[in-house]
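Reproduced below: my_file-v1.txt, with compact mmCIF, C-alpha atoms.
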# COMPACT_ATOMS: atom_id res chain seq x y z
CA MET S 1 79.69 167.02 59.65
CA CYS S 2 81.54 164.96 57.12
CA GLU S 3 82.68 165.70 53.63
CA GLU S 4 82.03 163.72 50.49
CA ASN S 5 84.60 161.04 49.90
CA ASN S 6 84.80 158.66 47.02
CA LYS S 7 86.10 155.71 48.99
CA VAL S 8 82.59 154.53 49.71
CA SER S 9 81.26 154.91 46.18
CA SER S 10 81.18 151.69 44.21
CA LYS S 11 82.48 150.66 40.81
CA PRO S 12 80.03 151.03 37.90
CA LEU S 13 77.67 148.07 37.74
CA THR S 14 76.51 146.24 34.65
CA LYS S 15 72.79 145.94 33.91
CA ILE S 16 72.69 142.30 34.96
CA GLN S 17 74.55 143.04 38.21
CA LYS S 18 72.07 145.79 39.02
CA LYS S 19 69.16 143.45 38.41
CA ILE S 20 70.63 140.70 40.59
CA LEU S 21 71.40 143.15 43.39
CA GLN S 22 67.89 144.60 43.25
CA ILE S 23 66.28 141.17 43.54
CA ALA S 24 68.74 140.04 46.22
CA LYS S 25 67.98 143.18 48.24
CA LYS S 26 64.25 142.40 48.21
CA LYS S 27 64.80 138.77 49.18
CA PHE S 28 67.33 139.44 51.93
CA SER S 29 65.23 142.29 53.36
CA LYS S 30 62.06 140.23 53.35
CA ASN S 31 63.34 136.82 54.42
CA GLY S 32 66.67 137.48 56.11
CA TYR S 33 70.10 136.07 55.30
CA GLN S 34 69.56 132.49 56.40
CA LYS S 35 66.22 131.98 54.70
CA THR S 36 67.33 133.39 51.35
CA SER S 37 69.01 130.95 48.97
CA MET S 38 70.98 131.59 45.80
CA ASN S 39 68.37 129.40 44.07
CA ASP S 40 65.57 131.83 45.05
CA ILE S 41 67.50 134.69 43.52
CA VAL S 42 68.37 132.78 40.35
CA SER S 43 64.77 131.81 39.68
CA THR S 44 63.37 135.32 40.28
CA ALA S 45 66.12 137.01 38.26
CA GLY S 46 65.75 134.54 35.39
CA VAL S 47 69.49 133.98 35.11
CA SER S 48 71.50 130.77 35.35
CA LYS S 49 73.37 129.85 38.50
CA GLY S 50 76.58 130.13 36.49
CA VAL S 51 75.84 133.77 35.65
CA LEU S 52 75.01 134.58 39.26
CA PHE S 53 78.21 133.01 40.58
CA TYR S 54 80.23 134.64 37.81
CA HIS S 55 79.21 138.05 39.14
CA PHE S 56 78.97 137.25 42.87
CA HIS S 57 81.18 134.43 44.05
CA SER S 58 79.24 133.47 47.14
CA LYS S 59 76.08 134.22 49.09
CA GLU S 60 78.19 136.23 51.53
CA GLU S 61 79.53 138.38 48.73
CA LEU S 62 76.10 138.97 47.23
CA PHE S 63 74.66 139.92 50.61
CA PHE S 64 77.63 142.13 51.33
CA GLN S 65 77.30 143.92 47.98
CA VAL S 66 73.62 144.60 48.68
CA LEU S 67 74.48 145.99 52.11
CA SER S 68 77.46 147.92 50.82
CA GLN S 69 75.32 149.58 48.14
CA GLY S 70 72.76 150.48 50.81
CA ILE S 71 75.45 152.08 52.96
CA ASP S 72 76.90 153.99 50.00
CA ALA S 73 73.44 155.25 49.02
CA GLU S 74 72.86 156.36 52.61
CA PHE S 75 76.14 158.29 52.64
CA GLN S 76 75.33 159.91 49.28
CA ARG S 77 71.94 160.92 50.67
CA ILE S 78 73.54 162.50 53.73
CA PHE S 79 76.17 164.33 51.67
CA ARG S 80 73.48 165.73 49.34
CA LEU S 81 71.41 166.72 52.33
CA LEU S 82 74.30 168.58 53.93
CA GLU S 83 74.78 170.43 50.66
CA ASN S 84 71.08 171.33 50.35
CA GLU S 85 68.52 171.47 53.19
CA GLY S 86 71.31 170.92 55.69
CA LYS S 87 73.48 173.75 54.41
CA LYS S 88 72.63 176.04 57.30
CA LEU S 89 73.39 173.42 59.93
CA PHE S 90 76.56 173.25 62.02
CA LYS S 91 77.74 176.75 61.18
CA LYS S 92 77.45 178.37 64.59
CA LYS S 93 78.35 176.81 67.91
CA GLU S 94 75.36 178.50 69.61
CA ASN S 95 72.95 176.57 67.40
CA LEU S 96 74.64 173.22 67.80
CA PHE S 97 72.04 171.60 70.07
CA ASP S 98 69.10 172.61 67.87
CA ASP S 99 71.04 171.80 64.71
CA LEU S 100 71.65 168.29 65.99
CA LYS S 101 67.90 167.83 66.43
CA LYS S 102 67.20 169.16 62.94
CA TYR S 103 69.89 166.87 61.56
CA TYR S 104 68.24 163.91 63.28
CA ASP S 105 64.92 164.66 61.58
CA LEU S 106 66.57 165.10 58.19
CA ALA S 107 69.15 162.34 58.17
CA ILE S 108 68.46 159.73 60.83
CA ALA S 109 64.69 159.38 61.33
CA GLY S 110 64.24 157.70 57.94
CA THR S 111 63.51 154.23 56.67
CA LYS S 112 64.65 151.10 58.45
CA ASP S 113 65.64 149.02 55.41
CA PHE S 114 69.33 149.65 55.52
CA GLU S 115 69.58 149.28 59.29
CA ARG S 116 67.74 145.97 59.19
CA LEU S 117 70.10 144.56 56.57
CA TRP S 118 73.08 145.84 58.49
CA LEU S 119 71.88 144.18 61.69
CA GLU S 120 71.19 140.97 59.79
CA GLY S 121 74.80 141.03 58.58
CA ARG S 122 76.08 141.66 62.09
CA ILE S 123 74.20 138.71 63.54
CA GLU S 124 75.25 136.45 60.69
CA SER S 125 78.86 137.59 61.17
CA GLU S 126 78.98 135.92 64.54
CA ASN S 127 79.35 132.54 62.86
CA ASN S 128 80.38 133.55 59.36
CA VAL S 129 84.02 134.62 59.19
CA LYS S 130 83.93 135.44 55.47
CA LEU S 131 81.05 137.88 55.90
CA ARG S 132 82.57 139.31 59.07
CA GLN S 133 85.79 140.13 57.25
CA MET S 134 83.94 141.92 54.46
CA MET S 135 81.86 143.88 56.95
CA GLU S 136 84.92 144.81 59.00
CA LYS S 137 86.58 146.21 55.88
CA LYS S 138 83.50 148.33 55.18
CA ASP S 139 83.44 149.44 58.81
CA LYS S 140 86.99 150.68 58.45
CA GLU S 141 86.04 152.70 55.36
CA ILE S 142 83.11 154.30 57.17
CA THR S 143 85.25 155.02 60.23
CA GLN S 144 87.88 156.63 58.02
CA ILE S 145 85.32 158.88 56.27
CA LEU S 146 83.88 160.05 59.58
CA PHE S 147 87.38 160.54 60.96
CA GLU S 148 88.35 162.75 58.02
CA GLY S 149 85.07 164.66 58.49
CA LEU S 150 85.74 165.26 62.18
CA LYS S 151 89.33 166.30 61.45
CA ILE S 152 87.97 168.95 59.06
CA SER S 153 85.41 170.04 61.69
CA ARG S 154 88.20 170.25 64.28
CA GLU S 155 90.13 172.62 62.03
CA LYS S 156 87.30 174.62 60.45
CA ILE S 157 84.59 174.77 63.13
CA GLY S 158 86.94 174.42 66.05
CA ILE S 159 85.18 171.58 67.87
CA LEU S 160 87.16 168.88 69.70
CA GLN S 161 90.29 171.00 69.33
CA LYS S 162 92.25 169.57 72.25
CA TYR S 163 92.05 166.00 71.00
CA ASP S 164 94.91 164.45 69.07
CA ASP S 165 94.28 162.11 66.14
CA LYS S 166 94.33 158.94 68.27
CA GLU S 167 91.76 160.35 70.68
CA LEU S 168 89.69 161.75 67.82
CA MET S 169 89.57 158.26 66.32
CA GLU S 170 88.22 156.89 69.63
CA ILE S 171 85.55 159.59 69.53
CA VAL S 172 84.63 158.66 65.94
CA LYS S 173 84.24 155.04 67.02
CA GLY S 174 82.10 156.20 69.92
CA ILE S 175 79.82 158.15 67.60
CA ILE S 176 79.45 155.04 65.44
CA VAL S 177 78.55 153.03 68.56
CA VAL S 178 75.88 155.63 69.42
CA MET S 179 74.48 155.40 65.88
CA ARG S 180 74.30 151.63 66.15
CA GLY S 181 72.54 151.75 69.48
CA LEU S 182 70.01 154.11 67.88
CA PHE S 183 69.56 151.71 64.92
CA ILE S 184 68.39 149.04 67.32
CA GLU S 185 65.98 151.38 69.02
CA LYS S 186 64.57 152.43 65.67
CA LEU S 187 64.15 148.84 64.53
CA SER S 188 62.23 147.88 67.62
CA GLY S 189 59.81 150.78 67.22
CA LYS S 190 61.17 153.21 69.82
CA ASP S 191 59.55 156.64 69.97
CA GLN S 192 61.62 158.81 67.61
CA GLN S 193 61.13 162.00 69.61
CA GLU S 194 62.84 160.39 72.58
CA SER S 195 65.67 159.00 70.46
CA LYS S 196 66.17 162.43 68.96
CA ASN S 197 66.57 164.05 72.38
CA THR S 198 69.00 161.34 73.46
CA TRP S 199 71.01 161.74 70.25
CA ALA S 200 71.16 165.54 70.51
CA ARG S 201 72.23 165.45 74.17
CA ILE S 202 75.01 162.90 73.71
CA MET S 203 76.33 164.37 70.45
CA PHE S 204 76.25 167.85 71.97
CA ILE S 205 78.28 166.60 74.93
CA ILE S 206 80.79 164.91 72.63
CA TYR S 207 81.17 167.85 70.25
CA THR S 208 81.54 170.41 73.03
CA SER S 209 83.81 168.35 75.27
CA LYS S 210 87.02 170.16 76.09
CA LYS S 211 89.11 167.21 77.34
CA MET T 212 77.94 153.79 89.34
CA CYS T 213 74.53 152.59 90.35
CA GLU T 214 73.17 151.32 93.62
CA GLU T 215 71.34 148.12 94.32
CA ASN T 216 67.64 148.46 93.77
CA ASN T 217 65.01 145.84 94.25
CA LYS T 218 62.82 146.94 91.36
CA VAL T 219 64.65 144.64 88.99
CA SER T 220 64.70 141.60 91.25
CA SER T 221 61.99 139.09 90.50
CA LYS T 222 59.35 137.37 92.60
CA PRO T 223 60.36 133.98 94.06
CA LEU T 224 59.96 131.22 91.51
CA THR T 225 58.57 127.76 92.09
CA LYS T 226 60.67 124.69 91.24
CA ILE T 227 58.65 123.95 88.12
CA GLN T 228 58.88 127.57 86.93
CA LYS T 229 62.65 127.47 87.38
CA LYS T 230 62.89 124.27 85.37
CA ILE T 231 60.75 125.62 82.53
CA LEU T 232 62.73 128.88 82.42
CA GLN T 233 66.04 127.01 82.36
CA ILE T 234 64.94 124.85 79.44
CA ALA T 235 63.37 127.79 77.61
CA LYS T 236 66.61 129.76 78.01
CA LYS T 237 68.61 126.98 76.37
CA LYS T 238 66.12 126.62 73.50
CA PHE T 239 65.71 130.34 72.83
CA SER T 240 69.48 130.94 73.03
CA LYS T 241 70.27 128.07 70.71
CA ASN T 242 67.48 128.34 68.14
CA GLY T 243 66.18 131.89 68.46
CA TYR T 244 62.67 133.12 69.18
CA GLN T 245 61.00 132.15 65.91
CA LYS T 246 62.40 128.62 65.73
CA THR T 247 61.52 127.72 69.30
CA SER T 248 58.02 126.37 69.90
CA MET T 249 56.11 125.86 73.12
CA ASN T 250 55.89 122.18 72.09
CA ASP T 251 59.71 121.88 72.11
CA ILE T 252 59.81 123.22 75.63
CA VAL T 253 56.97 121.04 76.86
CA SER T 254 58.56 117.86 75.57
CA THR T 255 62.02 118.62 76.98
CA ALA T 256 60.64 119.76 80.34
CA GLY T 257 58.37 116.75 80.61
CA VAL T 258 55.34 118.81 81.64
CA SER T 259 51.94 119.11 80.00
CA LYS T 260 51.05 122.04 77.81
CA GLY T 261 48.43 122.99 80.37
CA VAL T 262 51.06 123.30 83.09
CA LEU T 263 53.31 125.39 80.86
CA PHE T 264 50.49 127.80 79.94
CA TYR T 265 49.34 127.95 83.56
CA HIS T 266 52.73 129.41 84.52
CA PHE T 267 53.52 131.36 81.34
CA HIS T 268 50.51 132.54 79.38
CA SER T 269 52.17 132.91 76.00
CA LYS T 270 55.43 132.35 74.15
CA GLU T 271 56.09 136.09 74.43
CA GLU T 272 55.72 135.97 78.18
CA LEU T 273 57.97 132.93 78.53
CA PHE T 274 60.65 134.54 76.35
CA PHE T 275 60.32 137.80 78.23
CA GLN T 276 60.68 136.07 81.61
CA VAL T 277 63.85 134.33 80.40
CA LEU T 278 65.27 137.63 79.20
CA SER T 279 64.12 139.49 82.29
CA GLN T 280 65.84 136.94 84.53
CA GLY T 281 69.00 137.31 82.46
CA ILE T 282 68.91 141.09 82.86
CA ASP T 283 68.26 140.83 86.61
CA ALA T 284 71.13 138.36 87.02
CA GLU T 285 73.40 140.72 85.08
CA PHE T 286 72.47 143.63 87.35
CA GLN T 287 73.04 141.51 90.46
CA ARG T 288 76.45 140.52 89.10
CA ILE T 289 77.38 144.17 88.51
CA PHE T 290 76.16 145.25 91.96
CA ARG T 291 78.19 142.46 93.61
CA LEU T 292 81.18 143.40 91.54
CA LEU T 293 80.96 147.05 92.57
CA GLU T 294 80.85 145.92 96.17
CA ASN T 295 83.86 143.60 95.81
CA GLU T 296 86.58 143.80 93.12
CA GLY T 297 85.12 147.09 91.91
CA LYS T 298 85.13 148.71 95.33
CA LYS T 299 88.14 150.89 94.55
CA LEU T 300 86.69 152.13 91.27
CA PHE T 301 85.10 155.54 90.72
CA LYS T 302 86.36 157.08 93.94
CA LYS T 303 88.71 159.70 92.53
CA LYS T 304 88.09 161.88 89.50
CA GLU T 305 91.78 161.63 88.48
CA ASN T 306 91.43 157.87 87.99
CA LEU T 307 88.16 158.02 86.07
CA PHE T 308 89.58 157.16 82.63
CA ASP T 309 91.55 154.15 83.88
CA ASP T 310 88.70 153.09 86.17
CA LEU T 311 86.36 153.02 83.18
CA LYS T 312 88.74 150.65 81.40
CA LYS T 313 89.00 148.42 84.47
CA TYR T 314 85.23 148.45 84.79
CA TYR T 315 84.92 147.37 81.15
CA ASP T 316 87.14 144.35 81.77
CA LEU T 317 85.25 143.40 84.91
CA ALA T 318 81.65 144.08 83.96
CA ILE T 319 81.23 144.37 80.21
CA ALA T 320 83.69 142.07 78.45
CA GLY T 321 81.83 138.95 79.55
CA THR T 322 79.63 136.36 77.96
CA LYS T 323 77.33 137.12 75.06
CA ASP T 324 74.32 135.03 76.12
CA PHE T 325 72.26 137.79 77.62
CA GLU T 326 73.04 140.26 74.82
CA ARG T 327 72.07 137.74 72.17
CA LEU T 328 68.71 137.09 73.82
CA TRP T 329 68.13 140.79 74.25
CA LEU T 330 68.83 141.46 70.57
CA GLU T 331 66.58 138.56 69.60
CA GLY T 332 63.79 140.21 71.60
CA ARG T 333 64.44 143.57 69.99
CA ILE T 334 64.21 142.16 66.48
CA GLU T 335 61.11 140.17 67.31
CA SER T 336 59.56 143.31 68.86
CA GLU T 337 59.43 144.95 65.46
CA ASN T 338 56.41 142.84 64.53
CA ASN T 339 55.29 141.63 67.95
CA VAL T 340 53.47 144.34 69.91
CA LYS T 341 52.92 142.17 72.99
CA LEU T 342 56.60 141.44 73.38
CA ARG T 343 57.53 145.04 72.59
CA GLN T 344 55.32 146.31 75.41
CA MET T 345 56.88 143.92 77.92
CA MET T 346 60.39 144.89 76.80
CA GLU T 347 59.57 148.59 76.96
CA LYS T 348 58.39 148.19 80.54
CA LYS T 349 61.65 146.48 81.45
CA ASP T 350 63.58 149.21 79.62
CA LYS T 351 61.88 151.79 81.79
CA GLU T 352 62.88 149.90 84.94
CA ILE T 353 66.50 149.73 83.82
CA THR T 354 66.51 153.38 82.83
CA GLN T 355 65.10 154.30 86.23
CA ILE T 356 67.77 152.31 88.10
CA LEU T 357 70.57 153.94 86.12
CA PHE T 358 68.95 157.34 86.59
CA GLU T 359 68.86 156.88 90.37
CA GLY T 360 72.48 155.72 90.23
CA LEU T 361 73.59 158.79 88.29
CA LYS T 362 71.62 161.07 90.61
CA ILE T 363 73.55 159.60 93.54
CA SER T 364 76.82 160.03 91.61
CA ARG T 365 75.89 163.63 90.86
CA GLU T 366 75.47 164.33 94.55
CA LYS T 367 78.21 162.16 96.06
CA ILE T 368 81.00 162.16 93.45
CA GLY T 369 80.08 165.49 91.92
CA ILE T 370 79.96 164.44 88.27
CA LEU T 371 77.39 165.95 85.87
CA GLN T 372 76.56 168.58 88.49
CA LYS T 373 75.19 171.23 86.16
CA TYR T 374 72.58 168.97 84.65
CA ASP T 375 68.99 169.05 85.89
CA ASP T 376 66.94 165.87 86.18
CA LYS T 377 65.47 166.10 82.68
CA GLU T 378 68.90 166.47 81.11
CA LEU T 379 70.35 163.77 83.35
CA MET T 380 67.64 161.42 82.08
CA GLU T 381 68.68 162.17 78.48
CA ILE T 382 72.25 161.33 79.46
CA VAL T 383 71.14 158.05 81.05
CA LYS T 384 69.34 157.14 77.84
CA GLY T 385 72.46 158.03 75.90
CA ILE T 386 74.58 155.75 78.06
CA ILE T 387 72.09 152.95 77.42
CA VAL T 388 72.34 153.61 73.67
CA VAL T 389 76.14 153.37 73.92
CA MET T 390 75.83 150.06 75.79
CA ARG T 391 73.52 148.72 73.10
CA GLY T 392 75.86 149.75 70.31
CA LEU T 393 78.63 147.92 72.16
CA PHE T 394 76.42 144.81 72.53
CA ILE T 395 76.19 144.60 68.74
CA GLU T 396 79.92 144.98 68.33
CA LYS T 397 80.52 142.26 70.89
CA LEU T 398 78.07 139.90 69.21
CA SER T 399 79.73 140.27 65.84
CA GLY T 400 83.16 139.48 67.24
CA LYS T 401 84.66 142.97 67.46
CA ASP T 402 88.08 143.27 69.08
CA GLN T 403 87.38 143.91 72.76
CA GLN T 404 90.46 146.08 73.29
CA GLU T 405 89.16 148.54 70.72
CA SER T 406 85.64 148.52 72.17
CA LYS T 407 87.12 149.15 75.61
CA ASN T 408 88.99 152.24 74.41
CA THR T 409 85.87 153.55 72.67
CA TRP T 410 83.77 152.95 75.78
CA ALA T 411 86.28 154.62 78.12
CA ARG T 412 86.64 157.67 75.85
CA ILE T 413 82.90 158.27 75.41
CA MET T 414 81.98 157.58 79.03
CA PHE T 415 84.82 159.80 80.21
CA ILE T 416 83.54 162.60 77.98
CA ILE T 417 80.00 162.14 79.28
CA TYR T 418 80.97 161.95 82.95
CA THR T 419 83.28 164.95 82.81
CA SER T 420 81.07 167.14 80.63
CA LYS T 421 80.36 170.49 82.23
CA LYS T 422 77.41 171.60 80.12

Represent the structure contained in this file as structure tokens.
Amino acid sequence: MCEENNKVSSKPLTKIQKKILQIAKKKFSKNGYQKTSMNDIVSTAGVSKGVLFYHFHSKEELFFQVLSQGIDAEFQRIFRLLENEGKKLFKKKENLFDDLKKYYDLAIAGTKDFERLWLEGRIESENNVKLRQMMEKKDKEITQILFEGLKISREKIGILQKYDDKELMEIVKGIIVVMRGLFIEKLSGKDQQESKNTWARIMFIIYTSKK
Amino acid sequence: MCEENNKVSSKPLTKIQKKILQIAKKKFSKNGYQKTSMNDIVSTAGVSKGVLFYHFHSKEELFFQVLSQGIDAEFQRIFRLLENEGKKLFKKKENLFDDLKKYYDLAIAGTKDFERLWLEGRIESENNVKLRQMMEKKDKEITQILFEGLKISREKIGILQKYDDKELMEIVKGIIVVMRGLFIEKLSGKDQQESKNTWARIMFIIYTSKK
């Protein structure tokens, strides 16, 4: 239900930056933020500490770039999906409930890598203002993309028509909160069939609410 | 919106059990699940390892009991609140949106201790089947209490009237997902005013949805 938007896509990366990010992703995913040191990454990547810090000024920034890339890749995946297998979804109001379930299978019931990193960042943010600020900026980008997507849906598909922009923004934030609650359930091994039913019910209620 | 129910209240604790739980709570909250050992707790509590394991058979069980007590205390607090300061809330449909905001201030925008422990347990559950099973059982209890509460609301206040029990259960699970998404936002220092608006909007939509 959202359109492609370049705000989330990242600047082109150099070969060395790609390599560092790839190694950092593995380390952070495996050992978590706290237990991963810049030294670990330097020794596995075979670059000097100077080179690492030239490209990524701090551990927070490196972690954030890994996460940010993961989020961007996830959005690209969803956009592609909506243009391919998902093309038939969300066209008719009568199919909305079933379409939401199909969308869950296609787009949400996937790997847990990105969600785990995201949660790691959230927990770390509690006591790390630098990281929190970076993550909040990214949050705003995501919120804006979903907001634009829902605005288009409001005009083209005619859902949520009675809501003004301020209220629509609250709804977008609510949908993000639902997604985050589902992340946690997924991480802790919750039955996906049950999560899918919950997701479809709540999203159906939100999308068909008349104010 | 839910009634007192004894399912969540715990069996009476002995003095030694209370002491162990109090110390364990401090340790788990401060250092997390992984970094807290049964030895730490034994030495601070001044009891033998045998006594500790007599009362709590494993680290999982001790952690779970700490968390479970925290959840029970939170429910008791909310029930008391609904019987006192919250007595005027949720009586008239016209006030629902504002009542939801007031309820947020009273019941949700509180400390983060219990949420942090809960999240800790969720993360640990990913690779700890024993803990996951205990947490899932508790989840079912909580879900059941909220379900009974919403059933009463459906009959007495007349919200969600068109939904049958199966659908109402999906809605209950959705509300829990929303709460969990909000936990994460609270933990990472999200502006509470914004979370309150999101909460009120989504809950209002859910409670006033007509199917």

* Asked: Could you list, as a VMD selection string, every residue of chain T that has an atom within 10 Å of an atom of chain S, counting all atoms listed in the file?
  -> chain T and resid 327 330 to 340 343 346 to 347 378 to 401 405 to 422

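CA of Asp113 in chain S lies 7.0 Å from CA of Ser29 in chain S.
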
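The interatomic distance for the pair CA of Leu317 in chain T and CA of Lys298 in chain T works out to 11.7 Å.
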
* **Coordinates-based distance that separates CA of Phe114 in chain S from CA of Gly70 in chain S (Å, one decimal)** =>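 The value is 5.9 Å.
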
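The set of protein, DNA and RNA residues with any counted atom at most 12 Å from (84.3, 152.4, 56.5) (only C-alpha atoms) reads Asn5, Asn6, Lys7, Val8, Ser9, Ser68, Ile71, Asp72, Phe75, Met134, Met135, Glu136, Lys137, Lys138, Asp139, Lys140, Glu141, Ile142, Thr143, Gln144, Ile145, Leu146, Phe147, Glu148, Val172, Lys173 and Ile176 of chain S.
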
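Shell of Ser43 in chain S at 12 Å, with only C-alpha atoms counted and residues fewer than 5 places along the chain excluded, is Ile20, Ile23, Ala24, Lys27, Ser37, Met38, Ser48, Lys49, Val51 and Leu52 of chain S.
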
Residues near Leu300 in chain T, anyone? I mean within 9 Å using all atoms listed in the file, not counting same-chain ones fewer than 6 positions away, as a PDB file with C-alpha atoms, in the coordinates of the input.
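Result saved to part11.pdb:
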ATOM      1  CA  LEU T 293      80.960 147.050  92.570  1.00  0.00           C
ATOM      2  CA  ASN T 306      91.430 157.870  87.990  1.00  0.00           C
ATOM      3  CA  LEU T 307      88.160 158.020  86.070  1.00  0.00           C
ATOM      4  CA  ASP T 310      88.700 153.090  86.170  1.00  0.00           C
ATOM      5  CA  LEU T 311      86.360 153.020  83.180  1.00  0.00           C
ATOM      6  CA  LYS T 313      89.000 148.420  84.470  1.00  0.00           C
ATOM      7  CA  TYR T 314      85.230 148.450  84.790  1.00  0.00           C
TER       8      TYR T 314
END
